[in-house]
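Remarks on the structure that follows.
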Amino acid sequence: MNTNFKSLFVVVLITIAFASCKKTAVKIITTGTWTVGLYYENGNDETDNFSGYVFDFKTNGTMAVTKPSGDIVNGSWSYDDGASKYIISISGSGALDKVNNSWLIVSKSSSLIELKDDNITKDDRISFKKK
């Protein structure tokens, strides 16, 4: 019985850890607004294409991006805790079409989120920094 208790305890700890990771990933991205600090596509730095864009990820899975012109483009996002990735669905033309993707989390903090394309044949990376 002692072994069963230990096994149950380990399962509970792992479950709590995974739930905590999901809550953290969601809380971080939905707190405040974000700008693009870095965008690489196929090894080319295209960060300047995102100058003036502000991303606002909402807790209900929607998002709003304010373009430099002041126009707002709406989209959606989700977090896949099994794969530790954000899935962003937005279109707009140009820069926003590049963000429309599934992004694996490389690192995350309250002020910086670093992501890479989940397609291993691509070398696309994006970093969101807190505004």
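Residue numbering restarts at 1 for every chain of the structure tokens, chains are lettered A, B, ... in their displayed order, and ligands are numbered from 1 as they appear.
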Q | Polymer residues at most 8 Å from A:Gly52, only C-alpha atoms, same-chain spacing of 4 or more positions, as a VMD selection string | A | chain A and resid 35 67 to 68
Q: Looking only at alpha helix (DSSP H) from DSSP on the backbone, list the matching residues of chain A as number ranges by chain.
A: A: 2-30, 95-99
(Q) From the options A:Ser109, A:Thr30, A:Ser91, A:Ser102, which residue's atoms come nearest to A:Ile72, counting only C-alpha atoms? (A)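 Smallest separation from A:Ile72 among the options: A:Ser91.
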(Q) Among chain A, which residues does DSSP mark as strand (DSSP E) when it is run on the backbone? Keep the chain and numbering as in the structure and answer as an MDAnalysis selection string. (A) chainID A and resid 34:41 44:45 54:57 62:66 72:80 85:89 101:108 112:117 125:130
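Atom CA of A:Glu46 to atom CA of A:Thr62 spans 25.1 Å [interatomic distance, one decimal].
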Q) Which of these, A:Lys85, A:Lys129, A:Lys98, A:Lys27, has the shortest distance to A:Lys116 once you count only C-alpha atoms? A)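 Closest to A:Lys116 of all the choices is A:Lys85.
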Nearby residues (only C-alpha atoms) at most 7 Å from A:Val73, same-chain spacing under 2 positions excluded, as a PDB file with N, CA and C atoms, in the first residue's frame:
ATOM      1  N   ALA A  64      -6.175  40.997 -30.614  1.00  0.00           N
ATOM      2  CA  ALA A  64      -6.308  42.190 -31.449  1.00  0.00           C
ATOM      3  C   ALA A  64      -4.909  42.727 -31.703  1.00  0.00           C
ATOM      4  N   VAL A  65      -4.627  43.034 -32.939  1.00  0.00           N
ATOM      5  CA  VAL A  65      -3.338  43.604 -33.309  1.00  0.00           C
ATOM      6  C   VAL A  65      -3.585  45.003 -33.857  1.00  0.00           C
ATOM      7  N   THR A  66      -2.942  45.971 -33.241  1.00  0.00           N
ATOM      8  CA  THR A  66      -3.022  47.338 -33.729  1.00  0.00           C
ATOM      9  C   THR A  66      -1.840  47.573 -34.662  1.00  0.00           C
ATOM     10  N   ASP A  71      -5.183  50.861 -37.568  1.00  0.00           N
ATOM     11  CA  ASP A  71      -6.176  49.833 -37.874  1.00  0.00           C
ATOM     12  C   ASP A  71      -5.992  48.653 -36.933  1.00  0.00           C
ATOM     13  N   GLY A  75      -8.012  38.365 -34.405  1.00  0.00           N
ATOM     14  CA  GLY A  75      -7.687  36.976 -34.676  1.00  0.00           C
ATOM     15  C   GLY A  75      -7.958  36.149 -33.439  1.00  0.00           C
ATOM     16  N   GLY A  92      -3.931  39.268 -42.352  1.00  0.00           N
ATOM     17  CA  GLY A  92      -4.021  40.696 -42.544  1.00  0.00           C
ATOM     18  C   GLY A  92      -3.321  41.135 -43.796  1.00  0.00           C
TER      19      GLY A  92
END
Q.
Using only C-alpha atoms, can you tell me which of A:Ser69, A:Thr47, A:Asn74, A:Ser110 comes closest to A:Ala95?
A.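 When distances to A:Ala95 are compared using only C-alpha atoms, the smallest one comes from A:Thr47.
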